[in-house]
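Containing mmCIF, C-alpha atoms: structure-v6.cif.
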data_coords
loop_
_atom_site.label_atom_id
_atom_site.label_comp_id
_atom_site.auth_asym_id
_atom_site.auth_seq_id
_atom_site.Cartn_x
_atom_site.Cartn_y
_atom_site.Cartn_z
CA MET D 94 16.75 3.35 16.95
CA ASP D 95 18.34 0.08 15.89
CA GLU D 96 19.18 0.05 12.21
CA ILE D 97 16.44 -1.61 10.19
CA ARG D 98 17.82 -4.63 8.37
CA GLY D 99 17.95 -4.17 4.62
CA ASP D 100 16.09 -7.40 3.97
CA GLU D 101 13.07 -6.01 5.80
CA ILE D 102 12.78 -3.56 2.93
CA ARG D 103 14.49 -5.07 -0.08
CA GLY D 104 12.83 -8.16 -1.45
CA LYS D 105 14.43 -10.94 -3.47
CA ALA D 106 13.18 -11.77 -6.95
CA GLN D 107 11.84 -15.32 -7.26
CA GLY D 108 11.73 -17.57 -10.29
CA THR D 109 12.18 -15.61 -13.50
CA ALA D 110 10.55 -12.41 -12.19
CA PRO D 111 12.66 -9.32 -12.97
CA VAL D 112 12.10 -7.91 -9.48
CA PRO D 113 10.36 -9.05 -6.27
CA LEU D 114 6.60 -9.38 -6.64
CA SER D 115 4.13 -8.40 -3.91
CA VAL D 116 0.38 -8.03 -3.42
CA LEU D 117 -1.80 -4.99 -2.74
CA ASP D 118 -5.31 -6.01 -1.65
CA LEU D 119 -8.23 -3.59 -1.60
CA VAL D 120 -10.52 -6.31 -0.13
CA THR D 121 -13.11 -5.58 -2.80
CA VAL D 122 -16.75 -6.54 -2.28
CA GLY D 123 -18.77 -7.53 -5.33
CA GLN D 124 -22.52 -7.48 -5.86
CA GLY D 125 -24.05 -10.55 -4.23
CA ARG D 126 -21.03 -10.91 -1.93
CA THR D 127 -20.48 -9.94 1.70
CA ALA D 128 -17.64 -8.16 3.46
CA SER D 129 -17.07 -11.40 5.40
CA GLN D 130 -16.47 -13.24 2.13
CA ALA D 131 -14.15 -10.49 0.91
CA LEU D 132 -12.09 -10.65 4.09
CA ARG D 133 -11.85 -14.44 3.87
CA THR D 134 -10.65 -14.06 0.28
CA GLY D 135 -8.03 -11.59 1.51
CA VAL D 136 -6.62 -14.21 3.87
CA GLU D 137 -6.61 -16.79 1.06
CA ILE D 138 -4.73 -14.36 -1.19
CA ALA D 139 -2.17 -13.70 1.55
CA GLN D 140 -1.71 -17.42 2.08
CA LEU D 141 -1.30 -18.03 -1.65
CA ALA D 142 1.17 -15.15 -1.88
CA GLU D 143 3.18 -16.58 1.02
CA ARG D 144 3.20 -20.07 -0.48
CA ARG D 145 4.26 -18.82 -3.92
CA GLY D 146 7.10 -16.51 -2.88
CA PHE D 147 5.53 -13.06 -3.12
CA HIS D 148 7.47 -10.71 -0.84
CA ARG D 149 4.73 -8.81 0.98
CA TYR D 150 0.96 -8.42 1.32
CA TRP D 151 -0.41 -4.93 1.92
CA VAL D 152 -3.91 -3.52 2.41
CA ALA D 153 -4.95 0.07 1.75
CA GLU D 154 -7.09 2.36 3.88
CA HIS D 155 -10.29 3.51 2.14
CA HIS D 156 -13.51 4.91 3.59
CA SER D 157 -17.18 5.24 2.66
CA MET D 158 -16.81 2.99 -0.40
CA PRO D 159 -19.26 0.05 -0.39
CA GLY D 160 -17.07 -1.96 -2.76
CA VAL D 161 -13.88 -1.67 -0.66
CA ALA D 162 -13.79 -3.30 2.79
CA SER D 163 -10.29 -2.16 3.83
CA SER D 164 -11.22 0.75 6.09
CA SER D 165 -9.25 -0.67 9.05
CA PRO D 166 -5.83 -1.91 7.88
CA ALA D 167 -4.52 -2.69 11.38
CA VAL D 168 -7.49 -4.94 12.13
CA ILE D 169 -7.18 -6.76 8.80
CA LEU D 170 -3.45 -7.20 9.24
CA ALA D 171 -3.84 -8.64 12.73
CA HIS D 172 -6.27 -11.21 11.35
CA THR D 173 -3.96 -11.99 8.42
CA ALA D 174 -0.95 -12.33 10.71
CA ALA D 175 -2.77 -15.09 12.59
CA HIS D 176 -3.21 -17.03 9.33
CA THR D 177 0.27 -16.60 7.83
CA GLU D 178 3.80 -17.32 9.01
CA ARG D 179 6.46 -15.64 6.85
CA ILE D 180 5.16 -13.10 4.37
CA ARG D 181 5.62 -9.44 5.20
CA LEU D 182 2.37 -7.66 6.08
CA GLY D 183 1.71 -3.96 5.86
CA SER D 184 -0.35 -0.94 5.03
CA GLY D 185 -0.37 0.51 1.56
CA GLY D 186 -1.19 2.65 3.28
CA VAL D 187 -2.50 4.12 6.48
CA MET D 188 -3.58 7.69 5.74
CA LEU D 189 -1.69 9.66 8.37
CA PRO D 190 -3.90 12.80 8.36
CA ASN D 191 -6.86 10.65 9.46
CA HIS D 192 -5.25 9.49 12.72
CA ALA D 193 -3.39 10.64 15.78
CA PRO D 194 0.26 9.56 15.36
CA LEU D 195 0.25 7.94 18.81
CA VAL D 196 -2.67 5.71 17.81
CA ILE D 197 -0.84 4.53 14.67
CA ALA D 198 2.31 3.87 16.70
CA GLU D 199 0.32 1.80 19.18
CA GLN D 200 -1.54 -0.14 16.49
CA PHE D 201 1.58 -1.02 14.53
CA GLY D 202 3.58 -1.68 17.69
CA THR D 203 0.89 -4.21 18.54
CA LEU D 204 1.16 -5.75 15.07
CA GLU D 205 4.95 -5.92 15.42
CA ALA D 206 4.49 -7.79 18.72
CA MET D 207 2.08 -10.19 17.00
CA ALA D 208 4.29 -10.80 13.95
CA PRO D 209 7.86 -9.76 14.85
CA GLY D 210 9.97 -8.69 11.91
CA ARG D 211 7.13 -9.01 9.40
CA VAL D 212 5.30 -5.67 9.57
CA ASP D 213 5.58 -2.65 7.25
CA LEU D 214 4.05 0.74 7.99
CA GLY D 215 3.23 2.50 4.74
CA LEU D 216 1.89 6.03 5.11
CA GLY D 217 -0.08 8.27 2.78
CA ARG D 218 -0.95 11.94 3.06
CA ALA D 219 -4.34 11.80 1.28
CA PRO D 220 -7.51 10.99 3.25
CA GLY D 221 -8.38 7.98 1.11
CA THR D 222 -11.92 9.22 0.61
CA ASP D 223 -14.04 12.26 -0.27
CA GLY D 224 -13.83 15.58 1.56
CA ALA D 225 -16.93 15.13 3.71
CA THR D 226 -15.80 11.71 4.93
CA ALA D 227 -12.33 13.08 5.56
CA ALA D 228 -13.83 15.76 7.79
CA ALA D 229 -15.71 13.08 9.73
CA LEU D 230 -12.47 11.13 10.25
CA ARG D 231 -10.20 13.92 11.40
CA ARG D 232 -9.77 14.52 15.12
CA THR D 233 -9.30 18.32 14.75
CA ASP D 234 -9.26 20.88 11.95
CA ARG D 235 -5.50 21.19 12.32
CA LEU D 236 -3.47 18.23 13.48
CA ASN D 237 -0.99 18.53 16.31
CA GLU D 238 2.56 19.28 15.25
CA GLY D 239 4.15 17.91 18.40
CA ALA D 240 7.44 16.93 16.74
CA MET D 241 8.39 20.37 15.45
CA GLY D 242 12.06 20.92 16.09
CA SER D 243 12.99 17.28 15.50
CA PRO D 244 15.68 16.51 12.91
CA LEU D 245 13.10 14.93 10.63
CA ALA D 246 10.86 17.98 10.79
CA GLU D 247 13.78 20.33 10.22
CA ARG D 248 14.88 18.40 7.12
CA SER D 249 11.38 18.48 5.62
CA ARG D 250 9.88 21.80 6.75
CA ASP D 251 10.52 23.50 3.42
CA LEU D 252 7.88 21.30 1.77
CA GLY D 253 5.21 23.53 3.25
CA GLU D 254 2.62 21.04 4.49
CA ASP D 255 1.60 19.50 7.81
CA PHE D 256 2.37 15.95 6.71
CA PRO D 257 6.14 16.10 7.43
CA GLN D 258 5.44 17.27 10.99
CA GLN D 259 2.84 14.53 11.50
CA LEU D 260 5.38 12.03 10.19
CA ALA D 261 8.04 13.38 12.56
CA GLU D 262 5.70 13.00 15.53
CA LEU D 263 4.84 9.44 14.55
CA THR D 264 8.53 8.57 14.13
CA ARG D 265 9.30 9.94 17.60
CA PHE D 266 6.58 7.74 19.11
CA LEU D 267 7.79 4.67 17.21
CA ASP D 268 11.37 5.24 18.36
CA ASP D 269 10.38 6.44 21.85
CA ASP D 270 12.88 9.30 21.60
CA PHE D 271 11.16 12.61 22.31
CA PRO D 272 13.82 14.85 23.89
CA ASP D 273 13.76 15.80 27.56
CA GLY D 274 11.45 18.73 28.15
CA HIS D 275 9.19 17.90 25.22
CA PRO D 276 5.47 17.76 26.18
CA TYR D 277 5.37 14.14 24.95
CA ALA D 278 8.63 12.99 26.57
CA ARG D 279 6.77 10.94 29.21
CA ILE D 280 4.30 9.45 26.72
CA HIS D 281 5.18 6.04 25.29
CA ALA D 282 3.63 4.01 22.49
CA VAL D 283 3.00 0.56 23.93
CA PRO D 284 3.87 -2.05 22.74
CA GLY D 285 7.13 -0.36 21.81
CA PRO D 286 10.78 0.30 22.63
CA VAL D 287 10.01 1.56 26.15
CA GLN D 288 9.41 -2.06 27.14
CA ALA D 289 12.98 -2.87 26.09
CA THR D 290 14.49 -0.06 28.16
CA SER D 291 12.34 -0.54 31.26
CA GLU D 292 13.86 -2.41 34.21
CA GLY D 293 13.83 -6.10 33.46
CA GLY D 294 12.70 -5.47 29.89
CA VAL D 295 13.43 -8.09 27.23
CA GLN D 296 11.28 -6.68 24.43
CA SER D 297 13.05 -6.18 21.10
CA PRO D 298 13.49 -2.45 20.37
CA ALA D 299 12.76 -3.10 16.67
CA ARG D 300 9.79 -1.41 15.09
CA PRO D 301 8.12 -1.58 11.66
CA PRO D 302 10.03 0.12 8.84
CA LEU D 303 8.33 3.24 7.48
CA TRP D 304 7.40 3.64 3.83
CA LEU D 305 6.03 6.76 2.18
CA LEU D 306 3.30 6.34 -0.42
CA GLY D 307 2.33 8.76 -3.13
CA SER D 308 0.73 9.45 -6.50
CA SER D 309 2.61 12.68 -7.25
CA GLY D 310 5.95 14.28 -6.53
CA PHE D 311 5.43 15.48 -2.95
CA SER D 312 5.90 12.17 -1.13
CA ALA D 313 8.55 11.11 -3.64
CA ARG D 314 10.68 14.09 -2.72
CA LEU D 315 10.05 13.73 1.02
CA ALA D 316 10.88 10.00 0.96
CA GLY D 317 14.11 10.79 -0.86
CA MET D 318 15.08 13.56 1.55
CA LEU D 319 14.52 11.27 4.54
CA GLY D 320 16.19 8.21 3.03
CA LEU D 321 13.00 6.12 3.26
CA PRO D 322 11.62 3.51 0.86
CA PHE D 323 8.96 4.82 -1.50
CA ALA D 324 5.80 3.23 -2.96
CA PHE D 325 4.14 4.88 -5.96
CA ALA D 326 0.51 4.35 -6.99
CA HIS D 327 1.10 3.58 -10.66
CA HIS D 328 -2.24 1.73 -10.76
CA PHE D 329 -4.18 5.00 -10.67
CA SER D 330 -1.59 7.64 -11.56
CA ALA D 331 0.40 6.04 -14.36
CA GLN D 332 1.30 9.28 -16.10
CA ASN D 333 3.21 10.44 -13.02
CA THR D 334 5.16 7.25 -12.33
CA VAL D 335 8.44 7.90 -14.12
CA PRO D 336 8.72 11.58 -13.07
CA ALA D 337 7.97 10.68 -9.42
CA LEU D 338 10.53 7.88 -9.34
CA GLU D 339 13.13 10.15 -10.92
CA LEU D 340 12.40 12.82 -8.31
CA TYR D 341 12.70 10.25 -5.53
CA ARG D 342 16.08 9.06 -6.78
CA GLU D 343 17.37 12.58 -7.36
CA SER D 344 16.28 13.67 -3.86
CA PHE D 345 17.57 10.58 -2.07
CA LYS D 346 19.91 11.04 0.89
CA PRO D 347 21.37 7.89 2.50
CA SER D 348 20.04 7.17 5.98
CA ALA D 349 20.26 4.56 8.72
CA VAL D 350 17.37 2.85 6.93
CA LEU D 351 18.67 2.77 3.35
CA ASP D 352 21.99 3.47 1.69
CA ALA D 353 20.39 3.63 -1.76
CA PRO D 354 16.87 4.32 -3.09
CA TYR D 355 14.30 1.53 -3.04
CA ALA D 356 10.99 2.08 -4.82
CA LEU D 357 8.07 -0.20 -5.51
CA ILE D 358 5.09 0.61 -7.70
CA GLY D 359 1.51 -0.54 -7.35
CA VAL D 360 0.39 -2.23 -10.58
CA ALA D 361 -3.13 -3.21 -11.61
CA ALA D 362 -2.77 -6.62 -13.27
CA LEU D 363 -5.09 -9.54 -13.86
CA ALA D 364 -4.39 -12.81 -15.66
CA ALA D 365 -7.01 -15.29 -16.86
CA ASP D 366 -7.03 -18.45 -18.92
CA ASP D 367 -7.80 -16.47 -22.06
CA GLU D 368 -7.77 -12.85 -23.15
CA ARG D 369 -11.55 -12.50 -23.37
CA GLU D 370 -12.07 -13.65 -19.78
CA ALA D 371 -9.39 -11.27 -18.54
CA ARG D 372 -11.15 -8.41 -20.34
CA ARG D 373 -14.49 -9.40 -18.76
CA GLN D 374 -12.96 -9.35 -15.29
CA VAL D 375 -11.10 -6.03 -15.51
CA LEU D 376 -14.15 -4.33 -17.03
CA THR D 377 -15.95 -4.83 -13.69
CA GLY D 378 -13.28 -2.76 -11.93
CA ALA D 379 -13.36 -0.10 -14.64
CA LEU D 380 -17.14 0.30 -14.32
CA SER D 381 -16.81 0.43 -10.54
CA MET D 382 -14.19 3.19 -10.86
CA LEU D 383 -16.38 5.07 -13.33
CA ARG D 384 -19.23 5.07 -10.83
CA LEU D 385 -16.91 6.15 -8.04
CA ARG D 386 -15.54 9.05 -10.09
CA SER D 387 -19.14 10.01 -10.93
CA GLY D 388 -20.05 10.25 -7.24
CA ARG D 389 -21.96 6.95 -7.23
CA PRO D 390 -19.73 4.46 -5.39
CA GLY D 391 -21.17 0.99 -4.96
CA LEU D 392 -20.38 -2.70 -4.88
CA VAL D 393 -18.23 -4.05 -7.70
CA PRO D 394 -20.57 -5.06 -10.56
CA THR D 395 -20.65 -8.57 -12.02
CA PRO D 396 -18.94 -9.29 -15.34
CA GLU D 397 -22.36 -9.78 -16.90
CA GLU D 398 -23.53 -6.33 -15.80
CA ALA D 399 -20.31 -4.70 -16.93
CA GLU D 400 -20.54 -6.32 -20.38
CA ALA D 401 -24.18 -5.30 -20.76
CA HIS D 402 -23.66 -1.68 -19.62
CA ALA D 403 -24.52 0.91 -22.27
CA PHE D 404 -21.53 3.24 -22.02
CA THR D 405 -21.94 6.78 -23.29
CA PRO D 406 -19.11 8.05 -25.51
CA MET D 407 -17.67 9.98 -22.56
CA GLU D 408 -17.93 6.94 -20.29
CA ARG D 409 -16.30 4.75 -22.93
CA GLU D 410 -13.43 7.20 -23.21
CA PHE D 411 -12.89 7.03 -19.45
CA VAL D 412 -13.07 3.22 -19.36
CA ASP D 413 -10.67 2.83 -22.27
CA SER D 414 -8.17 5.20 -20.67
CA TRP D 415 -8.50 3.29 -17.39
CA LEU D 416 -8.04 -0.13 -18.94
CA VAL D 417 -4.93 0.85 -20.89
CA ASN D 418 -3.03 1.00 -17.59
CA ILE D 419 -4.21 -2.42 -16.39
CA VAL D 420 -1.92 -5.26 -17.41
CA HIS D 421 -4.36 -7.99 -18.37
CA GLY D 422 -4.68 -11.00 -20.61
CA THR D 423 -3.23 -14.50 -20.66
CA PRO D 424 -0.45 -15.34 -18.18
CA ASP D 425 2.18 -14.86 -20.90
CA GLU D 426 0.71 -11.48 -21.85
CA VAL D 427 0.66 -10.34 -18.24
CA ARG D 428 4.23 -11.51 -17.68
CA THR D 429 5.37 -9.55 -20.75
CA GLY D 430 3.50 -6.46 -19.57
CA LEU D 431 4.99 -6.63 -16.09
CA ASP D 432 8.48 -7.20 -17.49
CA ASP D 433 8.12 -4.17 -19.75
CA LEU D 434 6.82 -2.02 -16.89
CA ALA D 435 9.69 -2.99 -14.59
CA LYS D 436 12.20 -2.17 -17.32
CA ARG D 437 10.55 1.13 -18.29
CA THR D 438 10.25 2.47 -14.73
CA GLY D 439 13.27 0.88 -13.10
CA ALA D 440 11.06 -0.06 -10.14
CA ASP D 441 12.76 -2.22 -7.51
CA GLU D 442 9.55 -4.14 -6.77
CA LEU D 443 6.13 -4.64 -8.36
CA MET D 444 3.10 -4.74 -6.04
CA ILE D 445 0.20 -6.28 -7.93
CA THR D 446 -3.41 -5.43 -7.26
CA ALA D 447 -6.07 -7.55 -8.98
CA ASN D 448 -9.47 -5.90 -8.91
CA ALA D 449 -12.41 -7.96 -10.09
CA HIS D 450 -15.91 -8.84 -8.96
CA GLY D 451 -15.22 -12.25 -7.47
CA GLY D 452 -12.55 -13.60 -5.17
CA ASP D 453 -12.05 -16.71 -7.31
CA ALA D 454 -10.92 -14.62 -10.29
CA ARG D 455 -8.44 -12.70 -8.16
CA LEU D 456 -7.01 -15.82 -6.55
CA HIS D 457 -6.74 -17.52 -9.93
CA SER D 458 -4.94 -14.48 -11.36
CA TYR D 459 -2.25 -14.47 -8.68
CA GLY D 460 -1.73 -18.18 -9.16
CA LEU D 461 -1.40 -17.79 -12.93
CA ILE D 462 1.11 -14.95 -12.55
CA ALA D 463 3.14 -17.04 -10.11
CA ASP D 464 3.09 -19.93 -12.60
CA ALA D 465 4.13 -17.64 -15.46
CA TYR D 466 7.25 -16.65 -13.54
CA GLY D 467 7.97 -20.12 -12.21
CA LEU D 468 7.60 -19.02 -8.60
CA PRO D 469 8.08 -21.74 -5.97
CA GLY D 470 5.32 -23.57 -4.17
CA ALA D 471 3.17 -24.56 -7.14
#

How does this structure look as structure tokens?
Amino acid sequence: MDEIRGDEIRGKAQGTAPVPLSVLDLVTVGQGRTASQALRTGVEIAQLAERRGFHRYWVAEHHSMPGVASSSPAVILAHTAAHTERIRLGSGGVMLPNHAPLVIAEQFGTLEAMAPGRVDLGLGRAPGTDGATAAALRRTDRLNEGAMGSPLAERSRDLGEDFPQQLAELTRFLDDDFPDGHPYARIHAVPGPVQATSEGGVQSPARPPLWLLGSSGFSARLAGMLGLPFAFAHHFSAQNTVPALELYRESFKPSAVLDAPYALIGVAALAADDEREARRQVLTGALSMLRLRSGRPGLVPTPEEAEAHAFTPMEREFVDSWLVNIVHGTPDEVRTGLDDLAKRTGADELMITANAHGGDARLHSYGLIADAYGLPGA
């Protein structure tokens, strides 16, 4: 494998931002809106992010959630690649247990061919949905462990789960380097490096850099052991952020990919022209999450419905605890909150997700945050 250039992983802070800023898009669908509108908004957000100097735009795999239209990251990213030119595009993430590693290698090899040098492959080990939906997604009860015996698998086998072996198999397909005699040695992910080594081949052997995603310590430790970049889901697991990042840094072993740890965190943040409007917008996401956690997923409610909702004391406790981890308010308040979070966690990059009912509010928020930091392209 050719060494992955550091600048494909490490971003560069723009304006007065303390670290590089990026975007995580869940492609949310609000009441009275269509998935088509949500996907168009996603492209507009990616274009705004590119214009204003955000480092990357990622989408996350979710299933069976009416209010989240990002079930097929590779399809969304292909569409977004056609409407952008420079910004990095990636998955935050693809849920590896839901897919055959060869399929992921082919999908992201195709994306790399469409947008050379711009694609990230972020991987998670959760299904991104409930248990019944996860069962419907999986191709077998127990996924193939075709890369057992590889260096990657050997370095991670003590973690006691299938995920490291699935990751090893995927990495072998991406690098096209199964050893002679392996059952998959004659199988190639196409597009991929095999087209560079075939007679007359001129294809670049480069492939998307791998990221591991997590909301606990497991993926943090594995990412550190393998010398991979790590993305932590602070936006829904805030209490675990600092311990997970510490574990990642303590476990880190230099690799051909990275000589030092690099960690980004997903941050829920929304800026509006005034504090009251910001509160109205983030309350829609909190009510949507409350319904999801109660087994009643649906479209994202309107601000009017969220304000009028009669919360029980238990529901109010949940909503208040959810909102405390969302950086929201005026642009100055959001900038201060993001600065404090970067300092407190030591994160190398902040990936902002803005969840609200309407696309206009989300677009406006990213623009306000860019203005607050003096990002280029205003």

Per residue of stretch 322-402 of chain D within 12 Å of stretch 211-214 of chain D, what are the shortest atom pair and its distance in Å to one decimal, counting only C-alpha atoms, with rows by chain and residue number, as CSV?
residue,atom,partner,partner_atom,distance
D:Pro322,CA,D:Asp213,CA,10.7
D:Phe323,CA,D:Leu214,CA,11.4
D:Ala324,CA,D:Leu214,CA,11.4

Nearby residues, (-7.4, -16.4, -15.5) file frame, 12 Å, only C-alpha atoms, as number ranges by chain: D: 362-375, 421-427, 447, 449, 451-465

Next, write the just-selected residues to a file, as a PDB file, in the frame of the given file, keeping C-alpha atoms as the atom set.
ATOM      1  CA  ALA D 362      -2.770  -6.620 -13.270  1.00  0.00           C
ATOM      2  CA  LEU D 363      -5.090  -9.540 -13.860  1.00  0.00           C
ATOM      3  CA  ALA D 364      -4.390 -12.810 -15.660  1.00  0.00           C
ATOM      4  CA  ALA D 365      -7.010 -15.290 -16.860  1.00  0.00           C
ATOM      5  CA  ASP D 366      -7.030 -18.450 -18.920  1.00  0.00           C
ATOM      6  CA  ASP D 367      -7.800 -16.470 -22.060  1.00  0.00           C
ATOM      7  CA  GLU D 368      -7.770 -12.850 -23.150  1.00  0.00           C
ATOM      8  CA  ARG D 369     -11.550 -12.500 -23.370  1.00  0.00           C
ATOM      9  CA  GLU D 370     -12.070 -13.650 -19.780  1.00  0.00           C
ATOM     10  CA  ALA D 371      -9.390 -11.270 -18.540  1.00  0.00           C
ATOM     11  CA  ARG D 372     -11.150  -8.410 -20.340  1.00  0.00           C
ATOM     12  CA  ARG D 373     -14.490  -9.400 -18.760  1.00  0.00           C
ATOM     13  CA  GLN D 374     -12.960  -9.350 -15.290  1.00  0.00           C
ATOM     14  CA  VAL D 375     -11.100  -6.030 -15.510  1.00  0.00           C
ATOM     15  CA  HIS D 421      -4.360  -7.990 -18.370  1.00  0.00           C
ATOM     16  CA  GLY D 422      -4.680 -11.000 -20.610  1.00  0.00           C
ATOM     17  CA  THR D 423      -3.230 -14.500 -20.660  1.00  0.00           C
ATOM     18  CA  PRO D 424      -0.450 -15.340 -18.180  1.00  0.00           C
ATOM     19  CA  ASP D 425       2.180 -14.860 -20.900  1.00  0.00           C
ATOM     20  CA  GLU D 426       0.710 -11.480 -21.850  1.00  0.00           C
ATOM     21  CA  VAL D 427       0.660 -10.340 -18.240  1.00  0.00           C
ATOM     22  CA  ALA D 447      -6.070  -7.550  -8.980  1.00  0.00           C
ATOM     23  CA  ALA D 449     -12.410  -7.960 -10.090  1.00  0.00           C
ATOM     24  CA  GLY D 451     -15.220 -12.250  -7.470  1.00  0.00           C
ATOM     25  CA  GLY D 452     -12.550 -13.600  -5.170  1.00  0.00           C
ATOM     26  CA  ASP D 453     -12.050 -16.710  -7.310  1.00  0.00           C
ATOM     27  CA  ALA D 454     -10.920 -14.620 -10.290  1.00  0.00           C
ATOM     28  CA  ARG D 455      -8.440 -12.700  -8.160  1.00  0.00           C
ATOM     29  CA  LEU D 456      -7.010 -15.820  -6.550  1.00  0.00           C
ATOM     30  CA  HIS D 457      -6.740 -17.520  -9.930  1.00  0.00           C
ATOM     31  CA  SER D 458      -4.940 -14.480 -11.360  1.00  0.00           C
ATOM     32  CA  TYR D 459      -2.250 -14.470  -8.680  1.00  0.00           C
ATOM     33  CA  GLY D 460      -1.730 -18.180  -9.160  1.00  0.00           C
ATOM     34  CA  LEU D 461      -1.400 -17.790 -12.930  1.00  0.00           C
ATOM     35  CA  ILE D 462       1.110 -14.950 -12.550  1.00  0.00           C
ATOM     36  CA  ALA D 463       3.140 -17.040 -10.110  1.00  0.00           C
ATOM     37  CA  ASP D 464       3.090 -19.930 -12.600  1.00  0.00           C
ATOM     38  CA  ALA D 465       4.130 -17.640 -15.460  1.00  0.00           C
TER      39      ALA D 465
END

Got a sec: who's within 8 Å of D:Arg342, counting only C-alpha atoms, leaving out chain neighbours fewer than 4 positions off, as a list in words?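 Once the nearby chain positions are removed, what remains is Gly317, Leu338 and Pro354 of chain D.
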
Do you know which residues the PyMOL selection byres ((chain D and resi 307-316) around 8) returns on this file, as a PyMOL selection string? chain D and resi 217-218+249+252+257+304-306+317-327+329-330+333-334+336-338+340-341+344-345

Spell out the residues picked by the PyMOL selection byres ((chain D and resi 390-403) around 12) here, as a compact mmCIF listing (two decimals) with C-alpha atoms, in the frame of the given file.
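Below is the file that was written, selection04.txt:
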# COMPACT_ATOMS: atom_id res chain seq x y z
CA LEU D 119 -8.23 -3.59 -1.60
CA VAL D 120 -10.52 -6.31 -0.13
CA THR D 121 -13.11 -5.58 -2.80
CA VAL D 122 -16.75 -6.54 -2.28
CA GLY D 123 -18.77 -7.53 -5.33
CA GLN D 124 -22.52 -7.48 -5.86
CA GLY D 125 -24.05 -10.55 -4.23
CA ARG D 126 -21.03 -10.91 -1.93
CA THR D 127 -20.48 -9.94 1.70
CA ALA D 128 -17.64 -8.16 3.46
CA ALA D 131 -14.15 -10.49 0.91
CA HIS D 156 -13.51 4.91 3.59
CA SER D 157 -17.18 5.24 2.66
CA MET D 158 -16.81 2.99 -0.40
CA PRO D 159 -19.26 0.05 -0.39
CA GLY D 160 -17.07 -1.96 -2.76
CA VAL D 161 -13.88 -1.67 -0.66
CA ALA D 162 -13.79 -3.30 2.79
CA THR D 222 -11.92 9.22 0.61
CA ASP D 223 -14.04 12.26 -0.27
CA ARG D 369 -11.55 -12.50 -23.37
CA GLU D 370 -12.07 -13.65 -19.78
CA ALA D 371 -9.39 -11.27 -18.54
CA ARG D 372 -11.15 -8.41 -20.34
CA ARG D 373 -14.49 -9.40 -18.76
CA GLN D 374 -12.96 -9.35 -15.29
CA VAL D 375 -11.10 -6.03 -15.51
CA LEU D 376 -14.15 -4.33 -17.03
CA THR D 377 -15.95 -4.83 -13.69
CA GLY D 378 -13.28 -2.76 -11.93
CA ALA D 379 -13.36 -0.10 -14.64
CA LEU D 380 -17.14 0.30 -14.32
CA SER D 381 -16.81 0.43 -10.54
CA MET D 382 -14.19 3.19 -10.86
CA LEU D 383 -16.38 5.07 -13.33
CA ARG D 384 -19.23 5.07 -10.83
CA LEU D 385 -16.91 6.15 -8.04
CA ARG D 386 -15.54 9.05 -10.09
CA SER D 387 -19.14 10.01 -10.93
CA GLY D 388 -20.05 10.25 -7.24
CA ARG D 389 -21.96 6.95 -7.23
CA PHE D 404 -21.53 3.24 -22.02
CA THR D 405 -21.94 6.78 -23.29
CA PRO D 406 -19.11 8.05 -25.51
CA MET D 407 -17.67 9.98 -22.56
CA GLU D 408 -17.93 6.94 -20.29
CA ARG D 409 -16.30 4.75 -22.93
CA VAL D 412 -13.07 3.22 -19.36
CA ASN D 448 -9.47 -5.90 -8.91
CA ALA D 449 -12.41 -7.96 -10.09
CA HIS D 450 -15.91 -8.84 -8.96
CA GLY D 451 -15.22 -12.25 -7.47
CA GLY D 452 -12.55 -13.60 -5.17
CA ALA D 454 -10.92 -14.62 -10.29

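Using all atoms listed in the file, the smallest distance between any of D:Ala261, D:Ala106, D:Leu357, D:Ala228 and D:Asn191 comes from D:Ala228.
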
Evaluating the PyMOL selection byres ((chain D and resi 262-269) around 7) on the displayed file yields which residues, as a ChimeraX atom specification? /D:94,194-195,198,239-240,258-261,270-271,281-282,285-287,300

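One finds atom CA of D:Val136 at 26.7 Å from atom CA of D:Val283.
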
From the set D:Met444, D:Ala227, D:Val112, D:Val168, which residue has the shortest atom-to-atom contact distance to D:Arg149, counting all atoms listed in the file?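 Nearest to D:Arg149: D:Met444.
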
If you count all atoms listed in the file, which residues fall within 9 Å of D:Glu143, apart from same-chain ones fewer than 6 positions away, as a PyMOL selection string? chain D and resi 149-150+177-181+470

Taking 2 positions as the minimum chain separation for residues in the same chain, which residues sit within 8 Å of D:Phe201 when counting all atoms listed in the file? Answer as a PyMOL selection string. chain D and resi 167+197-199+203-205+212+214+301

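Here atom CA of D:Ala219 is placed at a distance of 21.7 Å from atom CA of D:Tyr355.
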
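Counting from atom CA of D:Ala153, the distance to atom CA of D:Asp413 is 24.8 Å.
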
Excluding stretch 429-435 of chain D and its own-chain neighbours fewer than 3 positions away, which residues fall within 8 Å of it when counting all atoms listed in the file? Please give them as a list of chain:residue names.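 Counting all atoms listed in the file, the residues come to D:Ala110, D:Pro111, D:Val112, D:Val420, D:Asp425, D:Glu426, D:Thr438, D:Gly439, D:Ala440, D:Asp441, D:Glu442, D:Leu443.
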